[in-house]
file final_8.csv (CSV, C-alpha atoms)
chain,number,residue,atom,x,y,z
R,899,MET,CA,0.0,0.0,0.0
R,900,ALA,CA,1.4,3.4,-1.0
R,901,GLU,CA,2.5,5.7,1.8
R,902,LYS,CA,0.1,8.7,2.3
R,903,GLN,CA,1.4,12.1,1.2
R,904,LYS,CA,1.7,14.5,4.1
R,905,ILE,CA,0.4,18.0,4.3
R,906,LEU,CA,1.4,20.5,7.0
R,907,ILE,CA,-1.3,23.1,7.6
R,908,VAL,CA,-0.1,26.3,9.2
R,909,ASP,CA,-3.0,28.5,10.3
R,910,ASP,CA,-3.9,30.2,13.6
R,911,ASP,CA,-7.6,30.0,12.8
R,912,ALA,CA,-8.4,26.5,14.3
R,913,ASN,CA,-11.8,26.3,12.6
R,914,ILE,CA,-10.3,26.9,9.1
R,915,ALA,CA,-7.4,24.6,9.7
R,916,GLU,CA,-9.7,21.8,10.9
R,917,LEU,CA,-11.9,22.3,7.8
R,918,ILE,CA,-8.9,22.1,5.5
R,919,SER,CA,-7.7,19.0,7.3
R,920,LEU,CA,-11.0,17.3,6.8
R,921,TYR,CA,-11.0,18.0,3.1
R,922,LEU,CA,-7.5,16.6,2.7
R,923,ILE,CA,-8.1,13.6,4.9
R,924,LYS,CA,-11.1,12.7,2.8
R,925,GLU,CA,-8.7,12.7,-0.2
R,926,CYS,CA,-6.4,10.3,1.7
R,927,TYR,CA,-3.7,12.8,2.7
R,928,GLU,CA,-2.1,12.7,6.1
R,929,THR,CA,-2.3,16.1,7.8
R,930,ARG,CA,-0.7,18.0,10.7
R,931,ILE,CA,-2.0,21.3,12.0
R,932,VAL,CA,0.1,24.0,13.7
R,933,GLY,CA,-1.0,27.5,14.8
R,934,ASP,CA,2.2,29.7,14.6
R,935,GLY,CA,5.3,30.2,12.6
R,936,GLU,CA,7.9,29.0,15.0
R,937,GLU,CA,6.0,25.8,15.7
R,938,ALA,CA,5.7,25.3,11.9
R,939,LEU,CA,9.5,25.3,11.5
R,940,ARG,CA,9.9,22.8,14.3
R,941,VAL,CA,7.2,20.5,13.1
R,942,PHE,CA,8.4,20.7,9.5
R,943,LEU,CA,11.7,19.0,10.4
R,944,SER,CA,10.1,16.1,12.2
R,945,PHE,CA,6.9,15.7,10.1
R,946,LYS,CA,8.7,16.0,6.8
R,947,PRO,CA,5.6,17.0,4.8
R,948,ASN,CA,5.2,16.7,1.0
R,949,LEU,CA,3.5,20.1,0.9
R,950,VAL,CA,2.9,23.1,3.2
R,951,LEU,CA,-0.3,25.1,3.3
R,952,LEU,CA,0.9,28.4,4.8
R,953,ASP,CA,-1.3,31.2,6.1
R,954,LEU,CA,0.3,34.7,5.9
R,955,MET,CA,-1.3,36.3,9.0
R,956,LEU,CA,0.3,34.3,11.8
R,957,PRO,CA,1.1,35.4,15.4
R,958,GLY,CA,4.7,36.2,16.0
R,959,MET,CA,6.6,35.0,12.9
R,960,ASP,CA,4.4,35.7,9.9
R,961,GLY,CA,3.9,33.5,6.8
R,962,TYR,CA,6.4,35.5,4.7
R,963,GLN,CA,9.2,34.8,7.3
R,964,VAL,CA,8.2,31.2,7.6
R,965,CYS,CA,8.4,30.8,3.8
R,966,ARG,CA,11.8,32.5,3.7
R,967,GLU,CA,13.1,30.2,6.5
R,968,LEU,CA,11.7,27.1,4.8
R,969,ARG,CA,13.3,28.0,1.5
R,970,MET,CA,16.7,28.1,3.1
R,971,ILE,CA,16.5,24.4,4.0
R,972,SER,CA,14.0,22.8,1.6
R,973,GLN,CA,12.3,23.0,-1.8
R,974,THR,CA,9.2,21.4,-0.4
R,975,PRO,CA,6.2,23.0,-2.3
R,976,ILE,CA,4.4,25.8,-0.5
R,977,ILE,CA,0.9,27.1,-1.1
R,978,MET,CA,0.2,30.4,0.6
R,979,LEU,CA,-3.2,31.2,2.0
R,980,SER,CA,-4.3,34.7,2.7
R,981,ALA,CA,-7.3,37.0,3.0
R,982,LYS,CA,-5.1,39.6,1.3
R,983,GLY,CA,-5.8,39.9,-2.4
R,984,GLU,CA,-3.4,42.7,-3.3
R,985,ILE,CA,-1.0,42.1,-6.2
R,986,PHE,CA,1.9,43.1,-4.0
R,987,ASP,CA,1.2,40.3,-1.5
R,988,LYS,CA,1.0,37.7,-4.2
R,989,VAL,CA,4.2,38.9,-5.8
R,990,LEU,CA,6.1,39.0,-2.5
R,991,GLY,CA,5.0,35.5,-1.7
R,992,LEU,CA,6.2,34.2,-5.1
R,993,GLU,CA,9.5,36.1,-4.7
R,994,LEU,CA,10.1,34.3,-1.4
R,995,GLY,CA,9.6,31.0,-3.1
R,996,ALA,CA,5.9,30.0,-2.8
R,997,ASP,CA,4.6,27.7,-5.5
R,998,ASP,CA,1.0,29.0,-5.5
R,999,TYR,CA,-1.2,31.6,-3.7
R,1000,MET,CA,-4.9,31.2,-2.7
R,1001,MET,CA,-7.2,33.9,-1.4
R,1002,LYS,CA,-9.6,33.2,1.5
R,1003,PRO,CA,-12.4,32.3,1.4
R,1004,PHE,CA,-11.7,29.5,-1.1
R,1005,ASP,CA,-13.7,26.7,-2.5
R,1006,SER,CA,-12.7,23.3,-1.0
R,1007,LYS,CA,-12.6,21.6,-4.4
R,1008,GLU,CA,-10.3,24.2,-5.7
R,1009,LEU,CA,-8.0,23.9,-2.7
R,1010,VAL,CA,-7.8,20.1,-3.2
R,1011,ALA,CA,-7.2,20.6,-6.9
R,1012,ARG,CA,-4.4,23.0,-6.3
R,1013,VAL,CA,-2.8,20.7,-3.8
R,1014,LYS,CA,-2.9,17.8,-6.2
R,1015,ALA,CA,-1.6,19.9,-9.1
R,1016,VAL,CA,1.4,21.2,-7.1
R,1017,LEU,CA,2.2,17.7,-5.8
R,1018,ARG,CA,1.9,16.2,-9.2
R,1019,ARG,CA,4.5,18.6,-10.6
R,1020,CYS,CA,6.9,17.8,-7.7
R,1021,GLN,CA,6.7,14.0,-7.8
R,1022,ALA,CA,10.0,13.4,-9.7
R,1023,ALA,CA,13.1,12.9,-7.6
R,1024,PRO,CA,15.9,15.4,-8.1
R,1025,ALA,CA,18.1,14.3,-11.0
R,1026,ALA,CA,21.8,13.7,-10.7
R,1027,PRO,CA,24.2,15.3,-13.1
R,1028,ALA,CA,23.7,13.6,-16.5
R,1029,SER,CA,24.6,13.8,-20.1
R,1030,SER,CA,22.1,13.9,-22.9
R,1031,THR,CA,22.5,10.1,-23.4
R,1032,ASP,CA,21.0,9.6,-19.9
R,1033,GLN,CA,18.0,11.8,-20.6
R,1034,GLN,CA,14.6,10.4,-21.3
R,1035,GLY,CA,11.2,11.9,-22.0
R,1036,GLU,CA,10.6,15.6,-22.9
R,1037,TYR,CA,13.8,17.6,-22.6
R,1038,VAL,CA,15.8,20.4,-24.3
R,1039,GLU,CA,19.5,20.6,-24.3
R,1040,TYR,CA,21.9,23.4,-25.0
R,1041,PRO,CA,25.6,23.8,-24.1
R,1042,ASP,CA,25.9,23.4,-20.3
R,1043,LEU,CA,22.1,23.3,-19.9
R,1044,ILE,CA,19.6,20.4,-19.9
R,1045,VAL,CA,16.0,21.0,-18.9
R,1046,ASN,CA,13.9,17.8,-18.5
R,1047,LEU,CA,10.1,18.3,-18.2
R,1048,THR,CA,9.4,14.6,-17.7
R,1049,ASN,CA,11.4,14.2,-14.5
R,1050,TYR,CA,11.5,17.9,-13.6
R,1051,SER,CA,15.2,18.2,-13.5
R,1052,VAL,CA,17.6,20.9,-14.6
R,1053,ILE,CA,21.3,20.3,-15.2
R,1054,TYR,CA,23.4,23.5,-15.4
R,1055,MET,CA,27.1,23.6,-15.8
R,1056,GLY,CA,27.2,19.9,-14.9
R,1057,HIS,CA,25.3,20.3,-11.6
R,1058,SER,CA,21.7,19.6,-10.7
R,1059,ILE,CA,19.8,22.8,-9.9
R,1060,GLU,CA,16.8,22.6,-7.5
R,1061,MET,CA,14.0,24.6,-8.9
R,1062,PRO,CA,10.3,25.0,-8.1
R,1063,PRO,CA,7.9,23.5,-10.7
R,1064,LYS,CA,6.7,26.8,-12.2
R,1065,GLU,CA,10.2,28.1,-12.7
R,1066,LEU,CA,11.2,24.9,-14.4
R,1067,GLU,CA,8.1,24.9,-16.6
R,1068,LEU,CA,8.7,28.5,-17.6
R,1069,LEU,CA,12.4,27.8,-18.4
R,1070,TYR,CA,11.4,24.7,-20.5
R,1071,PHE,CA,8.7,26.5,-22.3
R,1072,LEU,CA,11.0,29.3,-23.4
R,1073,ALA,CA,14.0,27.0,-24.2
R,1074,ALA,CA,11.7,24.7,-26.3
R,1075,SER,CA,11.1,27.6,-28.6
R,1076,PRO,CA,14.5,29.3,-29.1
R,1077,ASN,CA,14.5,32.9,-30.2
R,1078,GLN,CA,10.7,33.1,-30.2
R,1079,VAL,CA,9.3,36.1,-28.3
R,1080,PHE,CA,6.5,35.5,-25.8
R,1081,THR,CA,4.4,38.2,-24.2
R,1082,ARG,CA,3.8,38.1,-20.4
R,1083,GLU,CA,0.2,37.3,-21.1
R,1084,GLN,CA,1.1,34.4,-23.3
R,1085,LEU,CA,3.5,33.0,-20.7
R,1086,LEU,CA,0.8,33.4,-18.0
R,1087,ASP,CA,-1.7,31.5,-20.2
R,1088,HIS,CA,0.7,28.6,-21.0
R,1089,ILE,CA,2.3,28.2,-17.6
R,1090,TRP,CA,-0.3,29.3,-15.0
R,1091,GLY,CA,-3.6,29.0,-17.0
R,1092,TYR,CA,-6.5,31.0,-15.7
R,1093,GLU,CA,-5.2,31.4,-12.1
R,1094,TYR,CA,-3.1,34.6,-12.6
R,1095,ILE,CA,-4.8,36.3,-15.5
R,1096,GLY,CA,-3.9,40.0,-15.4
R,1097,ASP,CA,-1.1,39.5,-12.9
R,1098,THR,CA,1.8,39.8,-15.3
R,1099,ARG,CA,4.3,40.7,-12.6
R,1100,THR,CA,4.2,37.0,-11.7
R,1101,VAL,CA,6.2,36.3,-14.9
R,1102,ASP,CA,8.7,39.0,-14.0
R,1103,VAL,CA,9.2,37.5,-10.6
R,1104,HIS,CA,9.9,34.0,-11.9
R,1105,ILE,CA,12.2,35.3,-14.7
R,1106,LYS,CA,14.2,37.1,-12.0
R,1107,ARG,CA,14.5,33.9,-9.9
R,1108,LEU,CA,15.6,31.9,-13.0
R,1109,ARG,CA,18.3,34.5,-13.8
R,1110,GLU,CA,19.6,34.2,-10.2
R,1111,LYS,CA,20.1,30.4,-10.8
R,1112,ILE,CA,20.8,30.2,-14.5
R,1113,LYS,CA,23.3,32.9,-15.7
R,1114,ASP,CA,23.7,34.0,-19.3
R,1115,HIS,CA,25.8,31.7,-21.3
R,1116,LYS,CA,28.0,32.6,-24.3
R,1117,SER,CA,25.7,30.4,-26.5
R,1118,TRP,CA,22.3,31.3,-25.0
R,1119,SER,CA,20.5,33.6,-22.6
R,1120,ILE,CA,17.1,34.5,-21.1
R,1121,SER,CA,16.5,37.8,-22.8
R,1122,THR,CA,14.1,40.6,-22.1
R,1123,VAL,CA,12.3,42.1,-25.2
R,1124,TRP,CA,11.5,45.5,-23.9
R,1125,GLY,CA,7.8,46.4,-24.0
R,1126,ILE,CA,6.8,42.9,-25.1
R,1127,GLY,CA,8.1,40.0,-22.9
R,1128,TYR,CA,10.9,37.4,-23.0
R,1129,LYS,CA,12.7,34.9,-25.1
R,1130,PHE,CA,15.3,32.2,-24.8
R,1131,GLU,CA,17.9,33.7,-27.1
R,1132,VAL,CA,20.3,31.3,-28.9
R,1133,LYS,CA,23.3,33.1,-30.2
R,1134,ARG,CA,24.4,32.2,-33.7

call {"tool": "encode", "arguments": {"input": "final_8.csv", "output": "C-alpha cells"}}
result
Amino acid sequence: MAEKQKILIVDDDANIAELISLYLIKECYETRIVGDGEEALRVFLSFKPNLVLLDLMLPGMDGYQVCRELRMISQTPIIMLSAKGEIFDKVLGLELGADDYMMKPFDSKELVARVKAVLRRCQAAPAAPASSTDQQGEYVEYPDLIVNLTNYSVIYMGHSIEMPPKELELLYFLAASPNQVFTREQLLDHIWGYEYIGDTRTVDVHIKRLREKIKDHKSWSISTVWGIGYKFEVKR
C-alpha cells in the first residue's frame, strides 16, 4: 500500500485549519496542524511534509518569514493562504519561493485541486548530473544546460539545480522555442492558466528567480524584449 502524502497546515484559525484538514483527509492525505510560525518550522523538520499550506497572517513570525526560512533548508512546495488579495502580496509570496497563492475564502474543491496539481508537478526525484544520453522523455539541451520536463530536472554547468515547478516549466517553455518572443500574457496562459490572468508581474518574478540560478551563457541567454516580454535567445 502506498504511503500517504503528508500536508502541513499552518493557520492560527483553528476552525479553518480543521476544515482544510477534513477536506484533505477525505482525499487520503495525512495532515498535521500548527498554529504559529515558530512551531511550523519545528514540526516541518520532524513531520517531513510533502507540501505546506501556509497562512500569511500568523502570530509572531508571519507566513512570509516562515516561507523564507523554509526555502533556506528545503524545496518542499508551499501554497500560501491569505485574505489579502493585493498584487503586492502575491508577488512578494512568489518572490520568497511560494509555488502557489490562494485567497480566502476559497472553495474546498479548488484547494484540493491546487494541492494535487502542485504535488503532481513535484513528484519526480531530483536528478543527478547527467549527459544527454542519460535523458529520457521531454527535454531540451543546450551547451551546459539540460531541462527535462518529464522528471522535472535541470542540469546546469554539470550540476543539478533545484527549482520549483513553475520556474522549471517556464524555463522549459522558453527553451523549447528558441528565439521566439512571448508576451507576459502568453506565458501566463501557458504556464499558469486561468489562475493569474492579469497579474503579469508573476512572470517577471519567476524570470528574476531563474536568472539568479541560470546565468547568461556565451551560447544562450534568457533575454528581455522591452515592452513585449521574454525569449530564450540562442546566439548564432

call {"tool": "closest_residue", "arguments": {"input": "final_8.csv", "among": "R:Lys1014, R:Lys1002, R:Lys1133, R:Arg1109", "to": "Tyr927 in chain R", "atoms": "only C-alpha atoms"}}
result
R:Lys1014

call {"tool": "closest_residue", "arguments": {"input": "final_8.csv", "among": "R:Pro1003, R:Gly995, R:Pro1041, R:Gly1091", "to": "Trp1118 in chain R", "atoms": "all atoms listed in the file"}}
result
R:Pro1041

call {"tool": "closest_residue", "arguments": {"input": "final_8.csv", "among": "R:His1057, R:Lys1129, R:Lys1116, R:His1104", "to": "Ala1074 in chain R", "atoms": "all atoms listed in the file"}}
result
R:Lys1129

call {"tool": "atom_distance", "arguments": {"input": "final_8.csv", "atom1": "CA of Thr1081 in chain R", "atom2": "CA of Leu1068 in chain R"}}
result
12.5 Å

call {"tool": "closest_residue", "arguments": {"input": "final_8.csv", "among": "R:Glu1008, R:Asp960, R:Glu936, R:Glu1131", "to": "Ser1119 in chain R", "atoms": "all atoms listed in the file"}}
result
R:Glu1131

call {"tool": "closest_residue", "arguments": {"input": "final_8.csv", "among": "R:Ile1053, R:Phe942, R:Tyr1128, R:His1115", "to": "Phe1080 in chain R", "atoms": "all atoms listed in the file"}}
result
R:Tyr1128

call {"tool": "closest_residue", "arguments": {"input": "final_8.csv", "among": "R:Val1103, R:Ile977, R:Val1132, R:Ala1015", "to": "Gln1078 in chain R", "atoms": "all atoms listed in the file"}}
result
R:Val1132

call {"tool": "residues_near_point", "arguments": {"input": "final_8.csv", "point": "(-4.5, 13.4, 4.8)", "cutoff": "10 Å", "atoms": "only C-alpha atoms", "output": "list in words"}}
result
Lys902, Gln903, Lys904, Ile905, Leu906, Ile918, Ser919, Leu920, Tyr921, Leu922, Ile923, Lys924, Glu925, Cys926, Tyr927, Glu928, Thr929 and Arg930 of chain R

call {"tool": "atom_distance", "arguments": {"input": "final_8.csv", "atom1": "CA of Trp1090 in chain R", "atom2": "CA of Leu956 in chain R"}}
result
27.3 Å

call {"tool": "atom_distance", "arguments": {"input": "final_8.csv", "atom1": "CA of Ile1120 in chain R", "atom2": "CA of Met1000 in chain R"}}
result
28.9 Å

call {"tool": "closest_atom_pairs", "arguments": {"input": "final_8.csv", "of": "range 1056-1118 of chain R", "to": "range 1043-1050 of chain R", "cutoff": "12 Å", "atoms": "only C-alpha atoms", "output": "Markdown table"}}
result
| residue | atom | partner | partner_atom | distance |
| --- | --- | --- | --- | --- |
| R:Gly1056 | CA | R:Leu1043 | CA | 7.9 |
| R:His1057 | CA | R:Leu1043 | CA | 9.4 |
| R:Ser1058 | CA | R:Ile1044 | CA | 9.5 |
| R:Ile1059 | CA | R:Val1045 | CA | 9.9 |
| R:Glu1060 | CA | R:Tyr1050 | CA | 9.3 |
| R:Met1061 | CA | R:Tyr1050 | CA | 8.6 |
| R:Pro1062 | CA | R:Tyr1050 | CA | 9.1 |
| R:Pro1063 | CA | R:Tyr1050 | CA | 7.3 |
| R:Lys1064 | CA | R:Tyr1050 | CA | 10.2 |
| R:Glu1065 | CA | R:Tyr1050 | CA | 10.3 |
| R:Leu1066 | CA | R:Tyr1050 | CA | 7.1 |
| R:Glu1067 | CA | R:Leu1047 | CA | 7.1 |
| R:Leu1068 | CA | R:Leu1047 | CA | 10.3 |
| R:Leu1069 | CA | R:Val1045 | CA | 7.7 |
| R:Tyr1070 | CA | R:Val1045 | CA | 6.1 |
| R:Phe1071 | CA | R:Leu1047 | CA | 9.3 |
| R:Leu1072 | CA | R:Val1045 | CA | 10.7 |
| R:Ala1073 | CA | R:Val1045 | CA | 8.3 |
| R:Ala1074 | CA | R:Val1045 | CA | 9.3 |
| R:Lys1111 | CA | R:Leu1043 | CA | 11.7 |
| R:Ile1112 | CA | R:Leu1043 | CA | 8.9 |
| R:Lys1113 | CA | R:Leu1043 | CA | 10.5 |
| R:Asp1114 | CA | R:Leu1043 | CA | 10.8 |
| R:His1115 | CA | R:Leu1043 | CA | 9.3 |
| R:Lys1116 | CA | R:Leu1043 | CA | 11.9 |
| R:Ser1117 | CA | R:Leu1043 | CA | 10.3 |
| R:Trp1118 | CA | R:Leu1043 | CA | 9.5 |
